[in-house]
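Trainee: Can you read through this structure? Questions will come right after.
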Amino acid sequence: MQDSSKIFIEKEEAYVAMPTTENEIIFAISVKMGEPKSPHLLYDGDEHALLYRDKKDVVLLDYLNSEVQKILQDSQKIYIAEIDYKEKQLIRDYVVPIEKVVSYPINLAPYFD
């Protein structure tokens, strides 16, 4: 298991997951500091996913609803829109490949209520 003390994990409290007409998902999240570097999503088929913006910057997308879970299980990529909600402005958007995993390399228990 990866040492999570060397990784910044942010639990995204208010994301929006929107399906596309191609049966893919766009996640709208709050804007983060810095540009993503080789982003990817780890997904275990359940109600949580980890968006790695880079090796040390991870966003926990928690409590994915069943429809989003179904789409993620069949998808190869997602779309991310980072939004500055205060300014009501899209800051960046990018495509992220999905990596299906059996378990996560980080202990997520401390991030659940």
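Following the order of the structure tokens, chains are lettered A, B, ..., residues in each are numbered from 1, and ligands are numbered from 1.
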Among segment 25-71 of chain A, which residues does DSSP mark as strand (DSSP E) when it is run on the backbone? Keep the chain and numbering as in the structure and answer as a PyMOL selection string.

Mentor: chain A and resi 25-30+40-43+48-54+57-62

Trainee: Residues within 7 Å of segment 72-85 of chain A, please, as a list in words. Count only C-alpha atoms; anything in the same chain fewer than 5 positions from it doesn't count.

Mentor: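 Residues near the query, excluding close chain neighbours: Glu24, Ile25, Ile26, Phe27, Ala28, Ile29, Ser30, Val31, Gly45, Leu90, Ile91, Arg92, Asp93, Tyr94, Val95, Val96, Pro97 and Ile98 of chain A.
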
Trainee: Output C-alpha atoms of each residue in that selection to a file, as an mmCIF file, in the first residue's frame.

Mentor:
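Once everything was written out, this is result07.cif:
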data_model
loop_
_atom_site.group_PDB
_atom_site.id
_atom_site.type_symbol
_atom_site.label_atom_id
_atom_site.label_comp_id
_atom_site.auth_asym_id
_atom_site.auth_seq_id
_atom_site.Cartn_x
_atom_site.Cartn_y
_atom_site.Cartn_z
ATOM 1 C CA GLU A 24 -19.319 8.705 -20.722
ATOM 2 C CA ILE A 25 -19.035 10.913 -17.643
ATOM 3 C CA ILE A 26 -17.985 14.508 -17.134
ATOM 4 C CA PHE A 27 -16.976 15.311 -13.573
ATOM 5 C CA ALA A 28 -17.199 18.988 -12.641
ATOM 6 C CA ILE A 29 -14.945 19.614 -9.648
ATOM 7 C CA SER A 30 -13.669 22.707 -7.897
ATOM 8 C CA VAL A 31 -10.503 24.189 -9.362
ATOM 9 C CA GLY A 45 -16.231 -0.773 -9.481
ATOM 10 C CA LEU A 90 -14.207 27.041 -16.256
ATOM 11 C CA ILE A 91 -10.474 27.057 -15.516
ATOM 12 C CA ARG A 92 -9.377 23.857 -17.272
ATOM 13 C CA ASP A 93 -10.768 20.689 -18.759
ATOM 14 C CA TYR A 94 -9.029 17.458 -19.693
ATOM 15 C CA VAL A 95 -9.561 13.819 -20.587
ATOM 16 C CA VAL A 96 -8.546 11.204 -18.038
ATOM 17 C CA PRO A 97 -8.055 7.480 -18.699
ATOM 18 C CA ILE A 98 -9.701 5.056 -16.274
#

Trainee: Mind giving me the straight-line distance from atom CA of Leu42 of chain A to atom CA of Ser103 of chain A in Å, one decimal?

Mentor: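 Distance reported for this atom pair: 9.1 Å.
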
Trainee: Given the choices A:Val68, A:Val16, A:Leu51, A:Ile9, which gets closest to Leu108 of chain A if the distance is worked out from only C-alpha atoms?

Mentor: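 Closest to Leu108 of chain A, using only C-alpha atoms: A:Ile9.
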
Trainee: Using DSSP on the backbone, list every residue of chain A that comes out as helix (DSSP H, G or I), and give them as a count of residues only.

Mentor: 15

Trainee: Nearest residue to Gln69 of chain A out of A:Lys32, A:His48, A:Arg53, A:Lys88, using only C-alpha atoms?

Mentor: A:His48

Trainee: Which of these residues is nearest to Val58 of chain A, using only C-alpha atoms: A:Ile71, A:Ala109, A:Ile7, A:Val101?

Mentor: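 Under the stated criterion, the closest residue is A:Ile7.
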